[in-house]
file input35.txt (compact mmCIF, C-alpha atoms and all ligand atoms)
# COMPACT_ATOMS: atom_id res chain seq x y z
CA MET B 23 -135.97 16.76 44.41
CA ILE B 24 -132.31 16.80 45.44
CA THR B 25 -130.49 19.95 46.50
CA LEU B 26 -126.69 19.87 46.61
CA LEU B 27 -124.62 22.19 48.80
CA TYR B 28 -120.95 22.27 47.80
CA ASN B 29 -117.72 24.10 48.60
CA ILE B 30 -118.41 23.79 52.31
CA SER B 31 -115.18 24.74 54.11
CA ASN B 32 -116.17 22.79 57.21
CA LEU B 33 -119.22 20.58 57.68
CA ALA B 34 -119.39 20.38 61.46
CA GLY B 35 -121.58 18.60 63.99
CA ILE B 36 -121.63 15.22 62.24
CA GLY B 37 -122.96 12.16 64.05
CA SER B 38 -126.00 10.67 65.73
CA PRO B 39 -125.19 10.05 69.39
CA LEU B 40 -127.77 7.99 71.25
CA SER B 41 -127.54 10.01 74.45
CA PRO B 42 -126.58 13.59 75.39
CA LEU B 43 -122.88 14.41 75.27
CA LYS B 44 -121.37 14.48 78.75
CA GLY B 45 -118.19 15.95 80.20
CA GLY B 46 -115.25 15.57 77.81
CA GLU B 47 -117.46 14.36 74.94
CA LEU B 48 -118.75 17.91 74.55
CA ALA B 49 -115.43 19.11 73.13
CA ARG B 50 -115.62 16.71 70.20
CA LEU B 51 -117.39 18.15 67.18
CA ASP B 52 -116.91 15.75 64.27
CA ASN B 53 -116.44 17.45 60.94
CA ILE B 54 -115.39 17.11 57.31
CA ARG B 55 -113.31 19.82 55.66
CA ASN B 56 -114.05 20.72 51.99
CA ALA B 57 -117.37 18.99 52.00
CA TRP B 58 -120.65 18.63 50.14
CA LEU B 59 -124.10 17.77 51.46
CA ALA B 60 -127.20 16.63 49.60
CA ILE B 61 -130.80 17.18 50.70
CA GLU B 62 -133.90 15.31 49.56
CA GLU B 63 -137.48 15.92 50.72
CA GLY B 64 -136.25 18.31 53.39
CA ARG B 65 -133.89 15.75 54.93
CA ILE B 66 -130.18 15.09 54.78
CA LEU B 67 -129.60 12.50 52.06
CA ALA B 68 -125.81 12.19 52.00
CA PHE B 69 -122.59 14.13 52.59
CA GLY B 70 -118.88 13.70 52.08
CA GLU B 71 -115.62 15.19 50.90
CA MET B 72 -115.61 17.40 47.79
CA SER B 73 -112.84 15.26 46.26
CA GLN B 74 -115.18 12.27 46.43
CA LEU B 75 -118.32 13.95 45.14
CA ASP B 76 -119.92 11.86 42.39
CA ARG B 77 -122.94 13.79 41.16
CA ASN B 78 -124.17 10.99 38.93
CA ALA B 79 -124.34 8.58 41.84
CA LEU B 80 -126.53 11.04 43.75
CA GLY B 81 -129.53 10.93 41.47
CA GLU B 82 -131.22 13.89 39.85
CA VAL B 83 -129.89 17.09 41.39
CA LYS B 84 -132.44 19.87 40.79
CA GLU B 85 -130.77 22.67 42.69
CA VAL B 86 -127.17 23.47 43.56
CA LEU B 87 -125.99 25.92 46.18
CA ASP B 88 -122.37 27.06 46.14
CA VAL B 89 -121.59 27.75 49.79
CA GLU B 90 -118.37 29.52 48.71
CA GLY B 91 -116.23 28.39 51.59
CA GLY B 92 -118.81 28.91 54.31
CA MET B 93 -119.27 26.42 57.13
CA VAL B 94 -122.41 24.32 57.53
CA LEU B 95 -123.68 23.52 61.02
CA PRO B 96 -126.88 22.00 62.40
CA ALA B 97 -129.38 24.74 63.21
CA TRP B 98 -129.63 25.78 66.88
CA CYS B 99 -131.97 23.76 69.10
CA ASP B 100 -133.33 26.27 71.60
CA SER B 101 -134.69 24.06 74.37
CA HIS B 102 -135.92 26.74 76.79
CA THR B 103 -138.07 29.71 75.76
CA HIS B 104 -141.11 31.64 76.93
CA MET B 105 -141.90 32.81 73.39
CA VAL B 106 -145.62 33.37 73.95
CA PHE B 107 -146.21 36.62 75.84
CA ALA B 108 -148.38 39.67 75.41
CA ALA B 109 -146.04 42.59 76.05
CA THR B 110 -142.43 43.57 76.53
CA ARG B 111 -141.30 44.95 79.93
CA GLU B 112 -138.86 47.72 79.10
CA LEU B 113 -140.06 49.94 81.95
CA GLU B 114 -138.89 47.31 84.45
CA PHE B 115 -135.63 47.29 82.56
CA ILE B 116 -135.25 50.94 83.58
CA ASP B 117 -136.21 50.09 87.18
CA LYS B 118 -133.39 47.56 87.15
CA ILE B 119 -130.95 50.12 85.78
CA ARG B 120 -131.99 52.38 88.66
CA GLY B 121 -131.13 49.64 91.12
CA LEU B 122 -134.10 47.35 91.78
CA SER B 123 -133.39 43.63 91.65
CA TYR B 124 -135.39 41.00 89.75
CA ALA B 125 -136.73 39.70 93.09
CA GLU B 126 -137.67 43.23 94.27
CA ILE B 127 -139.57 43.92 91.04
CA ALA B 128 -141.38 40.59 91.41
CA ALA B 129 -142.28 41.37 95.04
CA LYS B 130 -143.89 44.70 93.90
CA GLY B 131 -146.25 42.80 91.58
CA GLY B 132 -144.08 43.37 88.50
CA GLY B 133 -142.18 40.68 86.69
CA ILE B 134 -144.03 37.46 85.96
CA LEU B 135 -147.27 38.80 87.52
CA HIS B 136 -147.13 41.84 85.23
CA SER B 137 -146.80 39.54 82.21
CA ALA B 138 -149.66 37.40 83.55
CA ARG B 139 -152.02 40.40 83.78
CA ARG B 140 -151.20 41.39 80.20
CA LEU B 141 -151.52 37.84 78.92
CA ASN B 142 -154.93 37.31 80.47
CA GLU B 143 -156.15 40.51 78.77
CA ALA B 144 -154.78 39.56 75.34
CA SER B 145 -156.73 37.63 72.72
CA GLU B 146 -155.60 34.20 71.64
CA GLU B 147 -155.27 35.45 68.07
CA ASP B 148 -153.03 38.39 69.07
CA LEU B 149 -150.83 36.13 71.17
CA TYR B 150 -150.47 33.75 68.24
CA GLN B 151 -149.60 36.51 65.77
CA LEU B 152 -146.99 38.01 68.12
CA ALA B 153 -145.37 34.64 68.77
CA TRP B 154 -145.46 33.74 65.07
CA GLY B 155 -143.52 36.92 64.23
CA ARG B 156 -140.89 36.11 66.89
CA LEU B 157 -140.58 32.57 65.60
CA GLN B 158 -139.84 33.82 62.06
CA GLN B 159 -137.10 36.09 63.40
CA ALA B 160 -135.61 33.30 65.51
CA MET B 161 -135.44 31.00 62.48
CA LYS B 162 -133.62 33.72 60.51
CA LEU B 163 -131.04 33.73 63.31
CA GLY B 164 -130.51 30.00 62.89
CA THR B 165 -132.98 28.40 65.29
CA GLY B 166 -134.26 25.12 63.88
CA ALA B 167 -136.13 23.62 66.88
CA LEU B 168 -137.81 25.16 69.91
CA GLU B 169 -139.35 24.50 73.27
CA ILE B 170 -141.99 26.99 74.44
CA LYS B 171 -143.44 27.27 77.95
CA SER B 172 -146.74 28.49 79.30
CA GLY B 173 -146.61 30.22 82.69
CA TYR B 174 -147.94 33.72 82.04
CA GLY B 175 -151.56 32.62 82.44
CA LEU B 176 -151.56 31.49 86.09
CA THR B 177 -155.31 30.94 85.76
CA VAL B 178 -156.97 27.86 84.31
CA GLU B 179 -158.18 29.77 81.25
CA GLY B 180 -154.95 31.74 80.84
CA GLU B 181 -152.74 28.65 80.94
CA LEU B 182 -154.98 26.75 78.52
CA LYS B 183 -155.03 29.76 76.18
CA MET B 184 -151.22 29.90 76.14
CA LEU B 185 -150.92 26.18 75.52
CA ARG B 186 -153.44 26.38 72.66
CA VAL B 187 -151.31 29.13 71.11
CA ILE B 188 -148.26 26.87 71.43
CA ARG B 189 -150.19 24.00 69.85
CA ARG B 190 -151.12 26.19 66.91
CA LEU B 191 -147.46 27.21 66.52
CA LYS B 192 -146.54 23.50 66.58
CA GLU B 193 -149.04 22.78 63.83
CA LYS B 194 -148.09 25.72 61.61
CA ALA B 195 -144.34 26.10 62.12
CA PRO B 196 -141.87 24.30 59.85
CA ILE B 197 -139.64 23.39 62.82
CA PRO B 198 -140.19 20.93 65.69
CA ILE B 199 -141.72 22.62 68.74
CA LYS B 200 -142.24 21.14 72.23
CA ALA B 201 -144.75 22.55 74.72
CA THR B 202 -144.12 22.84 78.45
CA PHE B 203 -146.78 23.55 81.07
CA LEU B 204 -145.37 26.07 83.57
CA GLY B 205 -148.47 26.83 85.63
CA ALA B 206 -146.13 26.86 88.64
CA HIS B 207 -144.23 29.95 87.45
CA ALA B 208 -145.42 32.20 90.32
CA TYR B 209 -148.28 32.24 92.82
CA PRO B 210 -150.98 34.50 91.36
CA PRO B 211 -152.34 37.21 93.74
CA PRO B 212 -155.52 35.34 94.80
CA PHE B 213 -153.32 32.47 96.01
CA LYS B 214 -150.49 34.55 97.50
CA ASP B 215 -151.19 33.12 100.96
CA ASP B 216 -152.88 29.95 99.81
CA HIS B 217 -150.19 27.87 98.17
CA GLU B 218 -152.11 24.69 98.84
CA GLY B 219 -155.09 26.12 96.95
CA TYR B 220 -153.02 26.98 93.87
CA ILE B 221 -151.25 23.64 93.78
CA ARG B 222 -154.66 21.92 94.03
CA LEU B 223 -155.84 24.05 91.11
CA ILE B 224 -152.86 22.81 89.08
CA GLU B 225 -153.45 19.19 90.10
CA ALA B 226 -157.23 19.05 89.92
CA GLU B 227 -158.12 21.48 87.13
CA MET B 228 -155.21 22.47 84.96
CA LEU B 229 -153.42 19.13 84.51
CA PRO B 230 -156.52 17.02 83.73
CA ARG B 231 -157.62 19.48 81.03
CA ILE B 232 -154.13 19.81 79.58
CA ALA B 233 -153.75 16.03 79.46
CA ALA B 234 -157.22 15.51 77.96
CA ASP B 235 -156.41 17.87 75.09
CA GLU B 236 -152.75 16.74 74.83
CA LEU B 237 -151.63 20.34 75.15
CA ALA B 238 -148.20 19.77 76.75
CA ASP B 239 -145.15 17.54 76.53
CA TYR B 240 -143.44 18.59 79.79
CA ILE B 241 -144.11 20.07 83.20
CA ASP B 242 -142.00 22.91 84.60
CA VAL B 243 -141.83 24.61 88.02
CA PHE B 244 -139.93 27.76 89.02
CA CYS B 245 -138.15 26.31 92.07
CA GLU B 246 -136.88 29.41 93.84
CA ASP B 247 -137.08 31.31 97.15
CA GLY B 248 -140.24 33.40 96.98
CA PHE B 249 -141.72 31.15 94.27
CA PHE B 250 -142.00 27.34 94.67
CA SER B 251 -140.17 25.42 97.40
CA PRO B 252 -138.36 22.13 96.61
CA GLU B 253 -141.18 20.21 98.32
CA GLU B 254 -143.83 22.04 96.28
CA THR B 255 -141.74 21.54 93.14
CA GLU B 256 -141.50 17.80 93.70
CA ARG B 257 -145.22 17.49 94.38
CA ILE B 258 -146.10 19.40 91.18
CA CYS B 259 -143.59 17.42 89.11
CA ARG B 260 -145.05 14.15 90.39
CA ALA B 261 -148.54 15.37 89.52
CA GLY B 262 -147.32 16.18 86.01
CA ILE B 263 -145.74 12.74 85.71
CA ARG B 264 -149.08 11.14 86.61
CA PHE B 265 -150.52 12.97 83.60
CA GLY B 266 -147.72 11.84 81.30
CA LEU B 267 -145.57 14.98 81.46
CA LYS B 268 -141.86 14.66 82.21
CA PRO B 269 -140.29 17.43 84.29
CA LYS B 270 -138.04 20.13 82.86
CA ILE B 271 -137.54 22.60 85.67
CA HIS B 272 -136.23 26.08 86.52
CA ALA B 273 -133.59 25.37 89.16
CA ASN B 274 -130.80 27.15 91.05
CA GLN B 275 -131.22 30.51 89.32
CA LEU B 276 -131.24 33.07 92.13
CA ASN B 277 -130.57 30.78 95.11
CA LEU B 278 -129.35 27.33 96.06
CA SER B 279 -132.96 26.27 95.78
CA GLY B 280 -132.54 22.49 95.85
CA GLY B 281 -134.20 22.43 92.43
CA THR B 282 -131.36 20.52 90.79
CA GLN B 283 -131.70 17.66 93.26
CA VAL B 284 -135.49 17.61 92.83
CA GLY B 285 -134.97 17.41 89.07
CA VAL B 286 -132.54 14.52 89.42
CA LYS B 287 -134.88 12.74 91.83
CA THR B 288 -137.91 13.08 89.54
CA GLN B 289 -135.83 12.08 86.47
CA ALA B 290 -136.30 15.46 84.82
CA VAL B 291 -135.28 15.69 81.19
CA SER B 292 -133.43 18.87 82.13
CA VAL B 293 -132.79 21.30 84.98
CA ASP B 294 -132.36 24.80 83.66
CA HIS B 295 -130.55 28.03 84.73
CA LEU B 296 -127.97 26.69 87.29
CA GLU B 297 -126.36 30.07 87.98
CA THR B 298 -126.17 29.27 91.71
CA MET B 299 -124.60 25.83 92.16
CA ASP B 300 -122.69 24.21 95.02
CA GLU B 301 -120.64 21.03 94.89
CA ALA B 302 -123.57 18.86 96.03
CA ALA B 303 -125.80 20.15 93.22
CA ILE B 304 -123.04 19.73 90.63
CA GLN B 305 -122.28 16.16 91.72
CA ALA B 306 -125.97 15.22 91.78
CA LEU B 307 -126.39 16.53 88.24
CA ALA B 308 -123.22 14.90 86.92
CA ALA B 309 -124.19 11.49 88.29
CA SER B 310 -127.61 11.61 86.60
CA PRO B 311 -128.95 11.40 83.05
CA THR B 312 -130.64 14.80 83.53
CA ILE B 313 -129.31 17.54 81.24
CA GLY B 314 -128.17 20.84 82.77
CA THR B 315 -129.33 23.70 80.56
CA MET B 316 -127.52 27.01 80.93
CA LEU B 317 -129.06 30.30 79.87
CA PRO B 318 -126.22 32.83 79.72
CA THR B 319 -128.23 35.70 78.21
CA ALA B 320 -130.52 35.62 81.28
CA ALA B 321 -127.53 35.86 83.63
CA PHE B 322 -126.15 38.69 81.47
CA PHE B 323 -129.44 40.61 81.42
CA LEU B 324 -129.92 40.25 85.20
CA ARG B 325 -126.25 41.06 85.90
CA MET B 326 -125.75 37.77 87.71
CA ALA B 327 -122.83 35.41 87.91
CA TYR B 328 -122.82 32.98 84.99
CA PRO B 329 -123.39 29.25 85.55
CA PRO B 330 -120.15 27.44 86.46
CA ALA B 331 -119.98 25.67 83.10
CA ARG B 332 -116.40 24.43 83.44
CA ARG B 333 -117.00 22.86 86.83
CA MET B 334 -120.15 21.12 85.60
CA ILE B 335 -118.48 19.85 82.40
CA GLU B 336 -115.43 18.70 84.32
CA ALA B 337 -117.68 16.87 86.79
CA GLY B 338 -119.02 14.93 83.78
CA ALA B 339 -122.48 16.49 83.41
CA ALA B 340 -124.44 16.69 80.14
CA MET B 341 -124.83 20.40 79.44
CA ALA B 342 -127.03 22.29 76.98
CA LEU B 343 -127.38 25.98 76.13
CA ALA B 344 -130.64 27.83 75.42
CA SER B 345 -131.91 31.40 75.14
CA ASP B 346 -134.59 31.55 77.89
CA TYR B 347 -136.25 34.07 75.56
CA ASN B 348 -138.81 35.96 77.73
CA PRO B 349 -139.79 39.58 78.41
CA GLY B 350 -138.33 39.71 81.92
CA SER B 351 -134.91 38.11 82.06
CA SER B 352 -133.82 37.46 78.47
CA PRO B 353 -135.55 39.52 75.80
CA SER B 354 -133.41 37.94 73.09
CA PHE B 355 -133.78 34.70 71.15
CA ASN B 356 -130.40 35.09 69.48
CA MET B 357 -128.69 31.73 69.96
CA ASN B 358 -125.55 33.04 68.26
CA LEU B 359 -125.15 35.42 71.17
CA VAL B 360 -125.87 32.60 73.66
CA VAL B 361 -123.02 30.57 72.13
CA ALA B 362 -120.68 33.59 72.15
CA MET B 363 -121.42 34.36 75.81
CA ALA B 364 -120.87 30.75 76.77
CA CYS B 365 -117.39 30.93 75.21
CA ILE B 366 -116.47 34.42 76.37
CA GLN B 367 -117.90 34.48 79.88
CA MET B 368 -118.20 30.80 80.79
CA LYS B 369 -114.99 29.58 79.14
CA MET B 370 -116.65 26.93 77.05
CA LEU B 371 -114.68 25.92 73.96
CA PRO B 372 -116.46 26.79 70.70
CA GLU B 373 -116.95 23.07 70.02
CA GLU B 374 -118.48 22.56 73.49
CA ALA B 375 -120.80 25.53 73.08
CA ILE B 376 -121.93 24.43 69.61
CA ASN B 377 -122.65 20.88 70.81
CA ALA B 378 -124.51 22.27 73.83
CA ALA B 379 -126.64 24.51 71.59
CA THR B 380 -127.38 21.84 68.98
CA ILE B 381 -127.35 18.12 69.79
CA ASN B 382 -127.66 18.48 73.56
CA GLY B 383 -130.41 21.08 73.09
CA ALA B 384 -132.16 18.53 70.86
CA PHE B 385 -131.84 15.89 73.60
CA ALA B 386 -133.21 18.42 76.12
CA MET B 387 -136.45 18.39 74.07
CA GLU B 388 -136.25 14.70 73.15
CA SER B 389 -135.96 15.63 69.47
CA ALA B 390 -132.47 14.31 68.75
CA LYS B 391 -133.76 11.78 66.21
CA GLU B 392 -135.01 14.68 64.10
CA VAL B 393 -132.58 17.55 64.60
CA GLY B 394 -129.37 18.68 66.32
CA SER B 395 -126.67 17.15 64.14
CA ILE B 396 -125.60 16.34 60.61
CA ALA B 397 -126.79 12.79 60.03
CA ILE B 398 -128.51 11.01 57.16
CA GLY B 399 -132.28 11.14 57.56
CA LYS B 400 -132.36 14.08 59.96
CA ARG B 401 -134.11 17.26 58.97
CA ALA B 402 -132.02 19.58 56.81
CA ASN B 403 -132.26 22.39 59.38
CA LEU B 404 -128.90 23.97 58.75
CA ILE B 405 -126.88 27.13 59.26
CA ILE B 406 -124.67 28.22 56.38
CA THR B 407 -122.07 30.79 57.41
CA GLN B 408 -120.17 33.38 55.46
CA PRO B 409 -116.83 32.11 54.15
CA MET B 410 -114.65 31.12 57.13
CA GLU B 411 -111.92 28.67 57.99
CA HIS B 412 -112.33 28.20 61.71
CA LEU B 413 -115.58 27.87 63.61
CA ALA B 414 -114.15 29.90 66.50
CA LEU B 415 -114.79 32.96 64.33
CA LEU B 416 -118.50 32.60 65.13
CA PRO B 417 -118.39 33.20 68.92
CA TYR B 418 -115.33 35.45 68.54
CA SER B 419 -117.31 37.86 66.35
CA PHE B 420 -120.03 38.22 68.99
CA GLY B 421 -122.83 40.56 68.00
CA SER B 422 -122.11 40.31 64.26
CA ASN B 423 -124.28 38.11 62.13
CA LEU B 424 -122.01 35.77 60.19
CA ILE B 425 -124.89 33.59 59.00
CA SER B 426 -125.38 33.81 55.27
CA LYS B 427 -128.37 31.46 54.99
CA VAL B 428 -130.55 29.30 57.19
CA LEU B 429 -132.21 26.23 55.72
CA ILE B 430 -135.28 24.76 57.37
CA ASN B 431 -136.34 21.40 55.92
CA GLY B 432 -133.92 22.20 53.09
CA GLN B 433 -135.62 25.50 52.23
CA VAL B 434 -133.96 28.89 52.62
CA VAL B 435 -135.74 30.94 55.31
O1 LIG O 1 -136.56 31.74 83.05
N1 LIG O 1 -137.06 32.49 86.10
C1 LIG O 1 -138.25 32.40 85.82
N2 LIG O 1 -138.79 32.58 84.63
C2 LIG O 1 -138.18 33.30 83.58
C3 LIG O 1 -138.36 34.76 83.71
C4 LIG O 1 -139.76 35.08 83.52
C5 LIG O 1 -140.09 36.54 83.59
O2 LIG O 1 -139.40 37.35 84.25
O3 LIG O 1 -141.07 36.88 82.93
C6 LIG O 1 -136.74 32.89 83.43
O4 LIG O 1 -135.79 33.63 83.65
FE FE O 2 -137.07 30.42 81.82
call {"tool": "encode", "arguments": {"input": "input35.txt", "output": "structure tokens", "more": "lines below"}}
Ligand code: NIG
Ligand code: FE
result
Amino acid sequence: MITLLYNISNLAGIGSPLSPLKGGELARLDNIRNAWLAIEEGRILAFGEMSQLDRNALGEVKEVLDVEGGMVLPAWCDSHTHMVFAATRELEFIDKIRGLSYAEIAAKGGGILHSARRLNEASEEDLYQLAWGRLQQAMKLGTGALEIKSGYGLTVEGELKMLRVIRRLKEKAPIPIKATFLGAHAYPPPFKDDHEGYIRLIEAEMLPRIAADELADYIDVFCEDGFFSPEETERICRAGIRFGLKPKIHANQLNLSGGTQVGVKTQAVSVDHLETMDEAAIQALAASPTIGTMLPTAAFFLRMAYPPARRMIEAGAAMALASDYNPGSSPSFNMNLVVAMACIQMKMLPEEAINAATINGAFAMESAKEVGSIAIGKRANLIITQPMEHLALLPYSFGSNLISKVLINGQVV
């Protein structure tokens, strides 16, 4: 069955690059004005200019959708989330308003350890239902591919439980999902003074079981003062690699942790956060194929400086944008807001931000053959906006929802 979208003011994000967009390439968002697009079996069949639309040549069109002058973009590819968690943390939010820092809350046993206690108490079914509800909402906001991390278990059983929930989401959800094992998110209390013991638990018990059941695609480590040192991060990444998991790591969020360089050295798919970067870290990233993923809503929520996007783009790095959706530092999965903040606070051009949140996000989860741009054969995971002439209206109107429809595999969500 063929579905035809027509009267598209601007069909943007066309192309199928073979590698992530770097430096100046990010500002180029190929488009067709006054366009149509046809979908068959949930995938993009063809597209072109309205003036050249030949319906007879298309085959049997069963459904037509007049977009009425809206734009059509690839759906957002959110390559960094912690979507599986048991409970929100709004009381810590108040502690932060009263003056405690993220690190101070963590040191008191709040933060990640609080989420870990709640997760270990929760049933697998409840965790699945909660995450499923969040996933539906994220799709309505235009998210068409996701990465989800474990990391609130911090016990063998807790981590496996989270990863099984992610696997079930992968099987049931209509969008591509990638799973990341983040056992090294924080040292759990029994291992507070026994780092060696916890890392051995990851290497000897968690990773073999995860690999045996094929529960993860990537390995992640929170490389940060007070969490995992660069040496520990490298050791854990190399253990993951031995079990077939490529690294995708939390780096340079609160401190100049050395995480970016560890990511580059271990050929990480991405290094994420990057709020705290010096010239050495920027140059190391730019000279590598590793993607730098920025998470502006986390910086916003923690009242931190934003990642130096312009410096990293100008150095020639491949940059992506993601939500970091989690209960502690970014309780929002709204990628529209992520794109707006990248433009407003990080001075990314709308075209750069859209590329970073679509095709480069897809590369940051190795899903660019399936999603992330308008190309024949890719999934018809698309955002249709309200009528508009210029795509800058999207980030400009931050906080308003200008999406009129989201299609996932060609179906309206
Ligand atoms: O990406 N930085 C580490 N992990 C998460 C926050 C997790 C939490 O606070 O629960 C992040 O920001
Ligand atoms: Fe994160």
call {"tool": "closest_atom_pairs", "arguments": {"input": "input35.txt", "of": "chain B", "to": "ligand LIG 1 (chain O)", "cutoff": "8 Å", "atoms": "only C-alpha atoms and all ligand atoms", "output": "tab-separated table"}}
result
residue	atom	partner	partner_atom	distance
B:Thr103	CA	O:LIG1	O1	7.7
B:His104	CA	O:LIG1	C2	7.5
B:Tyr124	CA	O:LIG1	O2	7.7
B:Gly133	CA	O:LIG1	O2	5.0
B:Ile134	CA	O:LIG1	O3	4.3
B:Leu135	CA	O:LIG1	O3	7.9
B:Ser137	CA	O:LIG1	O3	6.4
B:Tyr174	CA	O:LIG1	O3	7.6
B:His207	CA	O:LIG1	C1	6.7
B:Phe244	CA	O:LIG1	C1	5.9
B:His272	CA	O:LIG1	N1	6.5
B:Gln275	CA	O:LIG1	N1	7.0
B:His295	CA	O:LIG1	O1	7.3
B:Ala320	CA	O:LIG1	O4	6.1
B:Asp346	CA	O:LIG1	O1	5.5
B:Tyr347	CA	O:LIG1	O1	7.9
B:Asn348	CA	O:LIG1	O3	5.7
B:Pro349	CA	O:LIG1	O3	5.4
B:Gly350	CA	O:LIG1	O2	3.5
B:Ser351	CA	O:LIG1	O4	4.8
B:Ser352	CA	O:LIG1	O4	6.7
call {"tool": "closest_residue", "arguments": {"input": "input35.txt", "among": "B:Arg189, B:Lys171, B:Lys369, B:Lys400", "to": "ligand FE 2 (chain O)", "atoms": "only C-alpha atoms and all ligand atoms"}}
result
B:Lys171
call {"tool": "closest_residue", "arguments": {"input": "input35.txt", "among": "B:Glu392, B:Asp247, B:Glu373, B:Glu179", "to": "B:Ser38", "atoms": "only C-alpha atoms"}}
result
B:Glu392
call {"tool": "atom_distance", "arguments": {"input": "input35.txt", "atom1": "atom CA of B:Leu141", "atom2": "atom CA of B:Phe107"}}
result
6.3 Å
call {"tool": "closest_residue", "arguments": {"input": "input35.txt", "among": "B:Ser73, B:Asn78, B:Thr165, B:Asn274", "to": "ligand FE 2 (chain O)", "atoms": "all atoms listed in the file"}}
result
B:Asn274
call {"tool": "atom_distance", "arguments": {"input": "input35.txt", "atom1": "atom CA of B:Glu85", "atom2": "atom CA of B:Leu26"}}
result
6.3 Å
call {"tool": "residues_near_point", "arguments": {"input": "input35.txt", "point": "(-118.5, 30.1, 75.6)", "cutoff": "8 Å", "atoms": "all atoms listed in the file", "output": "tab-separated table (two decimals) with C-alpha atoms, in the coordinates of the input"}}
result
chain	number	residue	atom	x	y	z
B	361	VAL	CA	-123.02	30.57	72.13
B	362	ALA	CA	-120.68	33.59	72.15
B	363	MET	CA	-121.42	34.36	75.81
B	364	ALA	CA	-120.87	30.75	76.77
B	365	CYS	CA	-117.39	30.93	75.21
B	366	ILE	CA	-116.47	34.42	76.37
B	367	GLN	CA	-117.90	34.48	79.88
B	368	MET	CA	-118.20	30.80	80.79
B	369	LYS	CA	-114.99	29.58	79.14
B	370	MET	CA	-116.65	26.93	77.05
B	371	LEU	CA	-114.68	25.92	73.96
B	372	PRO	CA	-116.46	26.79	70.70
B	374	GLU	CA	-118.48	22.56	73.49
B	375	ALA	CA	-120.80	25.53	73.08
B	417	PRO	CA	-118.39	33.20	68.92
call {"tool": "closest_residue", "arguments": {"input": "input35.txt", "among": "B:Lys287, B:Arg231, B:Lys270, B:Lys427", "to": "ligand FE 2 (chain O)", "atoms": "only C-alpha atoms and all ligand atoms"}}
result
B:Lys270
call {"tool": "decode", "arguments": {"input": "input35.txt", "residues": "stretch 56-67 of chain B", "atoms": "N, CA and C atoms", "output": "mmCIF file, in the first residue's frame"}}
result
data_model
loop_
_atom_site.group_PDB
_atom_site.id
_atom_site.type_symbol
_atom_site.label_atom_id
_atom_site.label_comp_id
_atom_site.auth_asym_id
_atom_site.auth_seq_id
_atom_site.Cartn_x
_atom_site.Cartn_y
_atom_site.Cartn_z
ATOM 1 N N ASN B 56 8.494 22.666 -1.915
ATOM 2 C CA ASN B 56 7.268 22.223 -2.610
ATOM 3 C C ASN B 56 7.423 20.781 -3.070
ATOM 4 N N ALA B 57 7.389 19.903 -2.113
ATOM 5 C CA ALA B 57 7.739 18.512 -2.401
ATOM 6 C C ALA B 57 6.600 17.542 -2.112
ATOM 7 N N TRP B 58 6.791 16.327 -2.602
ATOM 8 C CA TRP B 58 5.926 15.188 -2.236
ATOM 9 C C TRP B 58 6.835 14.059 -1.789
ATOM 10 N N LEU B 59 6.218 13.105 -1.075
ATOM 11 C CA LEU B 59 6.985 11.931 -0.632
ATOM 12 C C LEU B 59 6.038 10.743 -0.577
ATOM 13 N N ALA B 60 6.467 9.624 -1.118
ATOM 14 C CA ALA B 60 5.623 8.422 -1.108
ATOM 15 C C ALA B 60 6.237 7.369 -0.187
ATOM 16 N N ILE B 61 5.323 6.634 0.479
ATOM 17 C CA ILE B 61 5.726 5.612 1.455
ATOM 18 C C ILE B 61 5.103 4.284 1.045
ATOM 19 N N GLU B 62 5.904 3.223 1.094
ATOM 20 C CA GLU B 62 5.343 1.883 0.851
ATOM 21 C C GLU B 62 5.913 0.925 1.878
ATOM 22 N N GLU B 63 5.043 0.117 2.458
ATOM 23 C CA GLU B 63 5.468 -0.872 3.476
ATOM 24 C C GLU B 63 6.294 -0.219 4.576
ATOM 25 N N GLY B 64 5.896 0.979 4.984
ATOM 26 C CA GLY B 64 6.570 1.633 6.109
ATOM 27 C C GLY B 64 7.895 2.275 5.760
ATOM 28 N N ARG B 65 8.261 2.232 4.470
ATOM 29 C CA ARG B 65 9.562 2.810 4.078
ATOM 30 C C ARG B 65 9.385 3.866 3.004
ATOM 31 N N ILE B 66 10.387 4.724 2.899
ATOM 32 C CA ILE B 66 10.329 5.794 1.903
ATOM 33 C C ILE B 66 10.523 5.173 0.520
ATOM 34 N N LEU B 67 9.526 5.405 -0.346
ATOM 35 C CA LEU B 67 9.550 4.804 -1.690
ATOM 36 C C LEU B 67 10.156 5.775 -2.705
#
